[in-house]
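The file target34.pdb contains PDB, C-alpha atoms, pLDDT in the B column:
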ATOM      1  CA  MET A   7      30.250   7.010  10.984  1.00 40.00           C
ATOM      2  CA  LYS A   8      27.000   7.053  12.995  1.00 51.00           C
ATOM      3  CA  ASN A   9      26.605   4.753  15.972  1.00 55.00           C
ATOM      4  CA  HIS A  10      23.785   3.926  18.349  1.00 55.00           C
ATOM      5  CA  THR A  11      24.653   4.542  21.976  1.00 57.00           C
ATOM      6  CA  GLU A  12      21.694   2.432  23.133  1.00 63.00           C
ATOM      7  CA  LYS A  13      21.628  -1.353  23.138  1.00 79.00           C
ATOM      8  CA  LEU A  14      19.600  -2.711  20.237  1.00 80.00           C
ATOM      9  CA  VAL A  15      17.412  -5.799  20.137  1.00 86.00           C
ATOM     10  CA  ALA A  16      16.169  -7.587  17.026  1.00 86.00           C
ATOM     11  CA  ILE A  17      12.377  -7.752  16.759  1.00 88.00           C
ATOM     12  CA  TYR A  18      10.505  -9.768  14.166  1.00 90.00           C
ATOM     13  CA  VAL A  19       8.105  -7.095  12.909  1.00 92.00           C
ATOM     14  CA  TRP A  20       6.903  -8.031   9.417  1.00 94.00           C
ATOM     15  CA  GLU A  21       5.735 -11.635   9.174  1.00 95.00           C
ATOM     16  CA  LEU A  22       6.257 -13.614   5.969  1.00 96.00           C
ATOM     17  CA  PRO A  23       2.617 -13.243   4.784  1.00 95.00           C
ATOM     18  CA  VAL A  24       2.863  -9.440   5.198  1.00 96.00           C
ATOM     19  CA  ARG A  25       6.093  -9.358   3.204  1.00 96.00           C
ATOM     20  CA  PHE A  26       4.579 -11.511   0.447  1.00 96.00           C
ATOM     21  CA  TYR A  27       1.540  -9.224   0.359  1.00 96.00           C
ATOM     22  CA  HIS A  28       3.757  -6.143   0.098  1.00 96.00           C
ATOM     23  CA  TRP A  29       5.836  -7.349  -2.842  1.00 96.00           C
ATOM     24  CA  ILE A  30       2.923  -8.940  -4.712  1.00 97.00           C
ATOM     25  CA  ASN A  31       0.988  -5.708  -4.240  1.00 96.00           C
ATOM     26  CA  ALA A  32       3.914  -3.613  -5.471  1.00 95.00           C
ATOM     27  CA  LEU A  33       4.348  -5.796  -8.572  1.00 96.00           C
ATOM     28  CA  CYS A  34       0.628  -5.690  -9.346  1.00 96.00           C
ATOM     29  CA  ILE A  35       0.513  -1.895  -9.036  1.00 95.00           C
ATOM     30  CA  VAL A  36       3.434  -1.505 -11.442  1.00 95.00           C
ATOM     31  CA  ILE A  37       1.844  -3.865 -13.989  1.00 96.00           C
ATOM     32  CA  LEU A  38      -1.603  -2.311 -13.604  1.00 95.00           C
ATOM     33  CA  CYS A  39      -0.290   1.249 -13.980  1.00 94.00           C
ATOM     34  CA  VAL A  40       1.774   0.454 -17.081  1.00 94.00           C
ATOM     35  CA  THR A  41      -0.924  -1.592 -18.819  1.00 93.00           C
ATOM     36  CA  GLY A  42      -3.675   0.770 -17.649  1.00 91.00           C
ATOM     37  CA  PHE A  43      -1.890   3.762 -19.129  1.00 89.00           C
ATOM     38  CA  ILE A  44      -1.493   1.932 -22.459  1.00 89.00           C
ATOM     39  CA  ILE A  45      -5.177   0.953 -22.445  1.00 86.00           C
ATOM     40  CA  SER A  46      -6.323   4.512 -21.671  1.00 82.00           C
ATOM     41  CA  ASN A  47      -3.971   6.084 -24.222  1.00 79.00           C
ATOM     42  CA  PRO A  48      -2.986   3.487 -26.861  1.00 76.00           C
ATOM     43  CA  PRO A  49       0.187   4.138 -28.876  1.00 71.00           C
ATOM     44  CA  ALA A  50      -0.213   5.536 -32.387  1.00 61.00           C
ATOM     45  CA  MET A  51       0.652   2.151 -33.893  1.00 56.00           C
ATOM     46  CA  MET A  52      -2.665   0.795 -32.548  1.00 54.00           C
ATOM     47  CA  SER A  53      -4.432   2.646 -35.352  1.00 54.00           C
ATOM     48  CA  GLU A  54      -2.833   0.253 -37.821  1.00 54.00           C
ATOM     49  CA  THR A  55      -5.034  -2.525 -39.203  1.00 50.00           C
ATOM     50  CA  GLU A  56      -2.302  -5.165 -39.096  1.00 51.00           C
ATOM     51  CA  ALA A  57      -3.523  -8.070 -36.931  1.00 49.00           C
ATOM     52  CA  THR A  58      -0.286  -8.419 -34.921  1.00 50.00           C
ATOM     53  CA  PHE A  59      -0.743  -5.012 -33.320  1.00 54.00           C
ATOM     54  CA  LYS A  60      -4.350  -5.737 -32.396  1.00 60.00           C
ATOM     55  CA  PHE A  61      -3.326  -9.044 -30.830  1.00 74.00           C
ATOM     56  CA  TRP A  62      -0.575  -7.227 -28.903  1.00 79.00           C
ATOM     57  CA  PHE A  63      -3.143  -4.812 -27.495  1.00 79.00           C
ATOM     58  CA  GLY A  64      -5.294  -7.791 -26.517  1.00 82.00           C
ATOM     59  CA  ASN A  65      -2.341  -9.187 -24.587  1.00 87.00           C
ATOM     60  CA  VAL A  66      -1.964  -5.865 -22.757  1.00 89.00           C
ATOM     61  CA  ARG A  67      -5.611  -6.010 -21.707  1.00 88.00           C
ATOM     62  CA  PHE A  68      -5.289  -9.658 -20.682  1.00 90.00           C
ATOM     63  CA  ILE A  69      -2.251  -8.903 -18.496  1.00 94.00           C
ATOM     64  CA  HIS A  70      -4.148  -5.986 -16.935  1.00 94.00           C
ATOM     65  CA  PHE A  71      -7.113  -8.209 -16.080  1.00 92.00           C
ATOM     66  CA  ILE A  72      -4.950 -10.989 -14.618  1.00 94.00           C
ATOM     67  CA  ALA A  73      -3.013  -8.495 -12.484  1.00 95.00           C
ATOM     68  CA  ALA A  74      -6.341  -7.020 -11.331  1.00 94.00           C
ATOM     69  CA  PHE A  75      -7.558 -10.409 -10.081  1.00 93.00           C
ATOM     70  CA  VAL A  76      -4.250 -11.048  -8.289  1.00 96.00           C
ATOM     71  CA  PHE A  77      -4.410  -7.543  -6.786  1.00 96.00           C
ATOM     72  CA  LEU A  78      -7.970  -8.131  -5.524  1.00 94.00           C
ATOM     73  CA  PHE A  79      -7.313 -11.518  -3.905  1.00 95.00           C
ATOM     74  CA  ASN A  80      -4.021 -10.318  -2.448  1.00 96.00           C
ATOM     75  CA  PHE A  81      -5.879  -7.365  -0.922  1.00 95.00           C
ATOM     76  CA  MET A  82      -8.577  -9.686   0.466  1.00 95.00           C
ATOM     77  CA  PHE A  83      -5.837 -11.755   2.093  1.00 96.00           C
ATOM     78  CA  ARG A  84      -4.380  -8.623   3.730  1.00 95.00           C
ATOM     79  CA  ILE A  85      -7.791  -7.796   5.178  1.00 94.00           C
ATOM     80  CA  TYR A  86      -7.908 -11.289   6.678  1.00 95.00           C
ATOM     81  CA  TRP A  87      -4.348 -11.045   8.002  1.00 95.00           C
ATOM     82  CA  GLY A  88      -5.193  -7.800   9.758  1.00 93.00           C
ATOM     83  CA  PHE A  89      -7.294  -9.897  12.137  1.00 94.00           C
ATOM     84  CA  THR A  90      -4.968 -12.901  12.538  1.00 93.00           C
ATOM     85  CA  GLY A  91      -1.423 -11.499  12.190  1.00 91.00           C
ATOM     86  CA  ASN A  92       0.877 -10.151  14.887  1.00 91.00           C
ATOM     87  CA  GLN A  93       0.465  -6.804  16.664  1.00 87.00           C
ATOM     88  CA  PHE A  94       2.223  -4.904  13.871  1.00 89.00           C
ATOM     89  CA  ALA A  95      -0.163  -6.218  11.194  1.00 91.00           C
ATOM     90  CA  SER A  96      -3.312  -5.669  13.266  1.00 90.00           C
ATOM     91  CA  TRP A  97      -6.029  -3.329  11.995  1.00 88.00           C
ATOM     92  CA  LYS A  98      -6.156  -1.558  15.361  1.00 86.00           C
ATOM     93  CA  ASN A  99      -2.853   0.137  14.434  1.00 85.00           C
ATOM     94  CA  PHE A 100      -4.333   1.794  11.348  1.00 88.00           C
ATOM     95  CA  ILE A 101      -7.074   3.816  13.039  1.00 84.00           C
ATOM     96  CA  PRO A 102      -5.885   6.555  15.469  1.00 81.00           C
ATOM     97  CA  TYR A 103      -8.282   6.060  18.363  1.00 82.00           C
ATOM     98  CA  ARG A 104      -5.769   6.831  21.129  1.00 81.00           C
ATOM     99  CA  LYS A 105      -4.413  10.239  22.161  1.00 83.00           C
ATOM    100  CA  SER A 106      -0.849   8.912  21.952  1.00 81.00           C
ATOM    101  CA  GLN A 107      -1.358   8.113  18.263  1.00 83.00           C
ATOM    102  CA  TRP A 108      -2.419  11.702  17.479  1.00 87.00           C
ATOM    103  CA  ILE A 109       0.578  13.047  19.372  1.00 86.00           C
ATOM    104  CA  GLU A 110       2.812  10.758  17.318  1.00 85.00           C
ATOM    105  CA  ILE A 111       1.179  11.944  14.086  1.00 88.00           C
ATOM    106  CA  PHE A 112       2.244  15.535  14.796  1.00 88.00           C
ATOM    107  CA  GLU A 113       5.712  14.361  15.821  1.00 85.00           C
ATOM    108  CA  VAL A 114       6.126  12.516  12.510  1.00 85.00           C
ATOM    109  CA  ILE A 115       4.975  15.618  10.615  1.00 87.00           C
ATOM    110  CA  LYS A 116       7.790  17.532  12.304  1.00 84.00           C
ATOM    111  CA  VAL A 117      10.285  14.933  11.051  1.00 79.00           C
ATOM    112  CA  ASP A 118       8.954  14.055   7.594  1.00 78.00           C
ATOM    113  CA  ILE A 119       7.379  17.283   6.358  1.00 78.00           C
ATOM    114  CA  LEU A 120       8.522  20.280   8.384  1.00 78.00           C
ATOM    115  CA  GLN A 121      12.052  18.904   8.921  1.00 73.00           C
ATOM    116  CA  LEU A 122      12.099  20.444  12.424  1.00 73.00           C
ATOM    117  CA  LYS A 123      13.710  17.425  14.087  1.00 72.00           C
ATOM    118  CA  ILE A 124      15.573  14.262  13.154  1.00 69.00           C
ATOM    119  CA  GLU A 125      15.077  12.215  16.308  1.00 70.00           C
ATOM    120  CA  PRO A 126      13.689   8.723  15.618  1.00 69.00           C
ATOM    121  CA  ILE A 127       9.986   8.176  16.279  1.00 72.00           C
ATOM    122  CA  GLU A 128       9.461   5.535  18.949  1.00 74.00           C
ATOM    123  CA  SER A 129       7.452   3.135  16.790  1.00 80.00           C
ATOM    124  CA  ILE A 130       8.419  -0.425  16.023  1.00 85.00           C
ATOM    125  CA  GLY A 131       5.904  -1.051  13.248  1.00 84.00           C
ATOM    126  CA  HIS A 132       4.313   1.732  11.221  1.00 88.00           C
ATOM    127  CA  ASN A 133       4.303   5.113  12.894  1.00 85.00           C
ATOM    128  CA  ALA A 134       0.874   6.672  13.514  1.00 87.00           C
ATOM    129  CA  LEU A 135       0.956   8.964  10.459  1.00 88.00           C
ATOM    130  CA  ALA A 136       2.034   6.146   8.146  1.00 89.00           C
ATOM    131  CA  SER A 137      -0.692   3.934   9.596  1.00 90.00           C
ATOM    132  CA  ILE A 138      -3.519   6.365   8.868  1.00 91.00           C
ATOM    133  CA  ILE A 139      -2.143   7.001   5.363  1.00 91.00           C
ATOM    134  CA  TYR A 140      -1.964   3.251   4.727  1.00 92.00           C
ATOM    135  CA  PHE A 141      -5.558   2.940   5.903  1.00 92.00           C
ATOM    136  CA  GLY A 142      -6.497   5.603   3.375  1.00 92.00           C
ATOM    137  CA  SER A 143      -4.590   3.708   0.684  1.00 93.00           C
ATOM    138  CA  PHE A 144      -6.536   0.546   1.567  1.00 93.00           C
ATOM    139  CA  LEU A 145      -9.759   2.466   0.937  1.00 94.00           C
ATOM    140  CA  ALA A 146      -8.276   3.606  -2.392  1.00 94.00           C
ATOM    141  CA  PHE A 147      -7.423  -0.044  -3.188  1.00 94.00           C
ATOM    142  CA  LEU A 148     -11.037  -0.967  -2.524  1.00 93.00           C
ATOM    143  CA  LEU A 149     -12.413   1.818  -4.716  1.00 93.00           C
ATOM    144  CA  GLN A 150      -9.953   0.963  -7.491  1.00 94.00           C
ATOM    145  CA  CYS A 151     -11.067  -2.678  -7.431  1.00 92.00           C
ATOM    146  CA  ILE A 152     -14.737  -1.652  -7.522  1.00 92.00           C
ATOM    147  CA  THR A 153     -14.339   0.783 -10.436  1.00 92.00           C
ATOM    148  CA  GLY A 154     -12.056  -1.616 -12.312  1.00 91.00           C
ATOM    149  CA  PHE A 155     -14.456  -4.529 -12.132  1.00 90.00           C
ATOM    150  CA  CYS A 156     -17.336  -2.185 -13.019  1.00 89.00           C
ATOM    151  CA  LEU A 157     -15.563  -1.410 -16.291  1.00 87.00           C
ATOM    152  CA  TYR A 158     -14.602  -5.039 -16.852  1.00 86.00           C
ATOM    153  CA  ALA A 159     -18.226  -6.169 -16.349  1.00 84.00           C
ATOM    154  CA  LYS A 160     -19.265  -4.465 -19.586  1.00 79.00           C
ATOM    155  CA  MET A 161     -17.157  -6.888 -21.631  1.00 80.00           C
ATOM    156  CA  SER A 162     -17.090  -9.999 -19.448  1.00 76.00           C
ATOM    157  CA  THR A 163     -19.551 -12.821 -18.814  1.00 77.00           C
ATOM    158  CA  ALA A 164     -17.758 -13.943 -15.642  1.00 76.00           C
ATOM    159  CA  LEU A 165     -19.706 -13.883 -12.373  1.00 79.00           C
ATOM    160  CA  LEU A 166     -17.318 -11.734 -10.318  1.00 80.00           C
ATOM    161  CA  PRO A 167     -17.291  -8.663 -12.605  1.00 79.00           C
ATOM    162  CA  LYS A 168     -21.089  -8.890 -13.051  1.00 80.00           C
ATOM    163  CA  LEU A 169     -21.493  -8.381  -9.304  1.00 83.00           C
ATOM    164  CA  PHE A 170     -20.319  -4.776  -9.769  1.00 83.00           C
ATOM    165  CA  THR A 171     -22.617  -3.651 -12.624  1.00 83.00           C
ATOM    166  CA  TRP A 172     -25.099  -1.938 -10.298  1.00 85.00           C
ATOM    167  CA  ILE A 173     -22.377   0.419  -9.055  1.00 85.00           C
ATOM    168  CA  ILE A 174     -21.933   2.172 -12.426  1.00 85.00           C
ATOM    169  CA  PRO A 175     -25.165   4.217 -12.224  1.00 87.00           C
ATOM    170  CA  LEU A 176     -24.525   4.757  -8.502  1.00 86.00           C
ATOM    171  CA  LEU A 177     -21.223   6.516  -9.319  1.00 83.00           C
ATOM    172  CA  GLY A 178     -22.779   8.597 -12.091  1.00 85.00           C
ATOM    173  CA  GLY A 179     -22.235   6.516 -15.199  1.00 84.00           C
ATOM    174  CA  ASP A 180     -19.474   4.981 -17.273  1.00 85.00           C
ATOM    175  CA  TRP A 181     -17.468   8.187 -17.825  1.00 88.00           C
ATOM    176  CA  GLN A 182     -17.310   9.018 -14.124  1.00 91.00           C
ATOM    177  CA  VAL A 183     -16.232   5.474 -13.279  1.00 91.00           C
ATOM    178  CA  ARG A 184     -13.414   5.652 -15.832  1.00 90.00           C
ATOM    179  CA  PHE A 185     -12.353   9.047 -14.501  1.00 92.00           C
ATOM    180  CA  ILE A 186     -12.195   7.795 -10.889  1.00 93.00           C
ATOM    181  CA  HIS A 187     -10.269   4.712 -11.992  1.00 93.00           C
ATOM    182  CA  HIS A 188      -7.764   6.837 -13.920  1.00 92.00           C
ATOM    183  CA  ILE A 189      -7.271   9.380 -11.106  1.00 93.00           C
ATOM    184  CA  LEU A 190      -6.651   6.571  -8.627  1.00 93.00           C
ATOM    185  CA  MET A 191      -3.902   5.238 -10.910  1.00 93.00           C
ATOM    186  CA  TRP A 192      -2.047   8.542 -10.496  1.00 93.00           C
ATOM    187  CA  PHE A 193      -2.691   8.439  -6.758  1.00 93.00           C
ATOM    188  CA  PHE A 194      -0.893   5.080  -6.576  1.00 94.00           C
ATOM    189  CA  ILE A 195       2.018   6.374  -8.665  1.00 94.00           C
ATOM    190  CA  ILE A 196       2.486   9.424  -6.422  1.00 94.00           C
ATOM    191  CA  PHE A 197       2.006   7.307  -3.294  1.00 93.00           C
ATOM    192  CA  ALA A 198       4.680   4.842  -4.445  1.00 93.00           C
ATOM    193  CA  ILE A 199       7.217   7.623  -5.086  1.00 94.00           C
ATOM    194  CA  ILE A 200       6.632   9.200  -1.661  1.00 91.00           C
ATOM    195  CA  HIS A 201       6.616   5.783   0.016  1.00 92.00           C
ATOM    196  CA  VAL A 202      10.011   4.799  -1.396  1.00 93.00           C
ATOM    197  CA  TYR A 203      11.495   8.187  -0.471  1.00 90.00           C
ATOM    198  CA  LEU A 204      10.253   7.974   3.137  1.00 87.00           C
ATOM    199  CA  VAL A 205      11.487   4.397   3.547  1.00 89.00           C
ATOM    200  CA  PHE A 206      15.031   5.455   2.685  1.00 89.00           C
ATOM    201  CA  TYR A 207      14.691   8.680   4.681  1.00 84.00           C
ATOM    202  CA  HIS A 208      13.571   6.881   7.835  1.00 82.00           C
ATOM    203  CA  ASP A 209      16.266   4.292   7.305  1.00 84.00           C
ATOM    204  CA  TYR A 210      18.801   7.134   7.381  1.00 82.00           C
ATOM    205  CA  VAL A 211      17.231   8.960  10.354  1.00 78.00           C
ATOM    206  CA  GLU A 212      16.351   5.981  12.553  1.00 77.00           C
ATOM    207  CA  ARG A 213      19.032   3.468  11.468  1.00 80.00           C
ATOM    208  CA  ARG A 214      16.841   0.532  12.516  1.00 82.00           C
ATOM    209  CA  GLY A 215      16.936  -1.507   9.306  1.00 85.00           C
ATOM    210  CA  VAL A 216      13.675  -0.127   7.875  1.00 87.00           C
ATOM    211  CA  THR A 217      14.569  -0.970   4.270  1.00 89.00           C
ATOM    212  CA  SER A 218      15.815  -4.487   4.909  1.00 91.00           C
ATOM    213  CA  SER A 219      12.919  -5.298   7.274  1.00 91.00           C
ATOM    214  CA  ILE A 220      10.468  -5.742   4.397  1.00 92.00           C
ATOM    215  CA  ILE A 221      12.792  -8.440   3.039  1.00 93.00           C
ATOM    216  CA  GLY A 222      13.869 -10.246   6.200  1.00 93.00           C
ATOM    217  CA  GLY A 223      11.167  -9.064   8.590  1.00 92.00           C
ATOM    218  CA  TRP A 224      13.510  -7.909  11.377  1.00 91.00           C
ATOM    219  CA  LYS A 225      14.067  -4.435  12.809  1.00 88.00           C
ATOM    220  CA  PHE A 226      16.725  -3.385  15.303  1.00 87.00           C
ATOM    221  CA  ILE A 227      15.083  -1.404  18.078  1.00 82.00           C
ATOM    222  CA  GLU A 228      16.440   0.312  21.154  1.00 79.00           C
ATOM    223  CA  GLU A 229      16.007  -2.020  24.130  1.00 77.00           C
ATOM    224  CA  GLU A 230      14.122   0.607  26.157  1.00 74.00           C
ATOM    225  CA  VAL A 231      11.701   1.359  23.296  1.00 71.00           C
ATOM    226  CA  ALA A 232      11.131  -2.339  22.628  1.00 69.00           C
ATOM    227  CA  ALA A 233      10.343  -3.003  26.295  1.00 70.00           C
ATOM    228  CA  LYS A 234       7.948  -0.037  26.383  1.00 67.00           C
ATOM    229  CA  GLU A 235       6.098  -1.086  23.229  1.00 66.00           C
ATOM    230  CA  CYS A 236       5.780  -4.690  24.403  1.00 61.00           C
ATOM    231  CA  GLN A 237       4.429  -3.494  27.727  1.00 51.00           C
ATOM    232  CA  ILE A 238       1.859  -1.282  25.995  1.00 49.00           C
ATOM    233  CA  ASP A 239       0.758  -4.215  23.860  1.00 52.00           C
ATOM    234  CA  LYS A 240       0.344  -6.440  26.910  1.00 49.00           C
ATOM    235  CA  ASN A 241      -1.876  -3.848  28.546  1.00 47.00           C
ATOM    236  CA  LYS A 242      -4.250  -3.534  25.565  1.00 45.00           C
TER     237      LYS A 242
END
If you convert what's in this file into structure tokens, what do you get?
Amino acid sequence: MKNHTEKLVAIYVWELPVRFYHWINALCIVILCVTGFIISNPPAMMSETEATFKFWFGNVRFIHFIAAFVFLFNFMFRIYWGFTGNQFASWKNFIPYRKSQWIEIFEVIKVDILQLKIEPIESIGHNALASIIYFGSFLAFLLQCITGFCLYAKMSTALLPKLFTWIIPLLGGDWQVRFIHHILMWFFIIFAIIHVYLVFYHDYVERRGVTSSIIGGWKFIEEEVAAKECQIDKNK
């Protein structure tokens, strides 16, 4: 049995809006990947002329479009919350502009990738490496939304998709847009696999309630680390 020798304090890290965003985003990505893969590579039965199959494929496309709209507005909300949420949701955490953040990035690499150490990283929210990767994923979210609505604009009369039609020639045409959209789908699949692995891995290494924190919002942090982080935040 593993025990902490330090005194732990409970800190409310992930606010309810952040947790809602996380799970809605995860659900949308699963739905979009499954339906997107079917749309890009329809099953053999789609070659049949029977109307039921065609209607079924229409439902797949409809679900994909609905999930895309939810994904977009959920992402827009997260952008807003990055300016109004607590210190752990703030955008300033996602861009490594301080020397201490770069030092932490290399420390996390030693733990996560090189397996040279197993000591917990002294971060209450996202560690510096996770933060910069999440920022990159947000850019991927944005590009996926742009390419997706570019493709949707060709078959829709709605105003929102039509706002993206000018981007198709900018990205090199319809084929290139489809290719980028498809590649990004695989990026999200790989990202999700690595993300889930690292959540459980850090839960094992740090023993701070990483996994349960995205459900309840609370983490259990060493008192000394919590005091240090709070002090740093007050000085910013």
Pull out every residue that the PyMOL selection byres ((chain A and resi 195-198) around 12) matches in the shown coordinates and put them as a PyMOL selection string. chain A and resi 28+31-33+35-40+43+136+139-140+142-144+146-147+188-194+199-205
Would you mind exporting the chosen residues as an mmCIF file, keeping the file's coordinate frame, restricted to C-alpha atoms?
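Saved result, part.cif, follows:
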data_model
loop_
_atom_site.group_PDB
_atom_site.id
_atom_site.type_symbol
_atom_site.label_atom_id
_atom_site.label_comp_id
_atom_site.auth_asym_id
_atom_site.auth_seq_id
_atom_site.Cartn_x
_atom_site.Cartn_y
_atom_site.Cartn_z
ATOM 1 C CA HIS A 28 3.757 -6.143 0.098
ATOM 2 C CA ASN A 31 0.988 -5.708 -4.240
ATOM 3 C CA ALA A 32 3.914 -3.613 -5.471
ATOM 4 C CA LEU A 33 4.348 -5.796 -8.572
ATOM 5 C CA ILE A 35 0.513 -1.895 -9.036
ATOM 6 C CA VAL A 36 3.434 -1.505 -11.442
ATOM 7 C CA ILE A 37 1.844 -3.865 -13.989
ATOM 8 C CA LEU A 38 -1.603 -2.311 -13.604
ATOM 9 C CA CYS A 39 -0.290 1.249 -13.980
ATOM 10 C CA VAL A 40 1.774 0.454 -17.081
ATOM 11 C CA PHE A 43 -1.890 3.762 -19.129
ATOM 12 C CA ALA A 136 2.034 6.146 8.146
ATOM 13 C CA ILE A 139 -2.143 7.001 5.363
ATOM 14 C CA TYR A 140 -1.964 3.251 4.727
ATOM 15 C CA GLY A 142 -6.497 5.603 3.375
ATOM 16 C CA SER A 143 -4.590 3.708 0.684
ATOM 17 C CA PHE A 144 -6.536 0.546 1.567
ATOM 18 C CA ALA A 146 -8.276 3.606 -2.392
ATOM 19 C CA PHE A 147 -7.423 -0.044 -3.188
ATOM 20 C CA HIS A 188 -7.764 6.837 -13.920
ATOM 21 C CA ILE A 189 -7.271 9.380 -11.106
ATOM 22 C CA LEU A 190 -6.651 6.571 -8.627
ATOM 23 C CA MET A 191 -3.902 5.238 -10.910
ATOM 24 C CA TRP A 192 -2.047 8.542 -10.496
ATOM 25 C CA PHE A 193 -2.691 8.439 -6.758
ATOM 26 C CA PHE A 194 -0.893 5.080 -6.576
ATOM 27 C CA ILE A 199 7.217 7.623 -5.086
ATOM 28 C CA ILE A 200 6.632 9.200 -1.661
ATOM 29 C CA HIS A 201 6.616 5.783 0.016
ATOM 30 C CA VAL A 202 10.011 4.799 -1.396
ATOM 31 C CA TYR A 203 11.495 8.187 -0.471
ATOM 32 C CA LEU A 204 10.253 7.974 3.137
ATOM 33 C CA VAL A 205 11.487 4.397 3.547
#
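Across A:Pro49, A:Gly131, A:Pro175, A:Pro167, the tightest approach to Gly223 of chain A is made by A:Gly131 when counting only C-alpha atoms.
Nearest to Pro102 of chain A of all the residues A:Ser129, A:Ser137, A:Thr90, A:Thr163 is A:Ser137, counting only C-alpha atoms.
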Hey, which of A:Leu165, A:Val24, A:Ile174, A:Ala159 ends up closest to Arg84 of chain A? Count only C-alpha atoms.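 Under the stated criterion, the closest residue is A:Val24.
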If we draw a sphere of 9 Å around (12.0, -10.2, 0.2), which residues have at least one atom in it when counting only C-alpha atoms? Please report them as a PyMOL selection string. chain A and resi 22+25-26+29+218-223
Smallest atom-to-atom distance to Lys105 of chain A: which of A:Phe77, A:Thr217, A:Val66, A:Ala134, using all atoms listed in the file?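 Using all atoms listed in the file, the shortest distance to Lys105 of chain A belongs to A:Ala134.
Separating atom CA of Gln93 of chain A from atom CA of Lys116 of chain A is a distance of 25.8 Å.
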The residue from A:Leu166, A:Ile30, A:Val15, A:Val231 with the smallest atom-to-atom distance to Phe81 of chain A, counting all atoms listed in the file, is A:Ile30
Would you mind telling me which residue in A:Cys151, A:Val216, A:Ile119, A:Leu135 lies nearest to Val76 of chain A when using only C-alpha atoms?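 Between A:Cys151, A:Val216, A:Ile119, A:Leu135, the residue approaching Val76 of chain A most closely is A:Cys151.
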Å distance separating atom CA of Phe206 of chain A from atom CA of Ile111 of chain A, one decimal place: 19.1 Å
When you draw a straight line from atom CA of Trp181 of chain A to atom CA of Ala74 of chain A, how long is it in Å? 19.9 Å
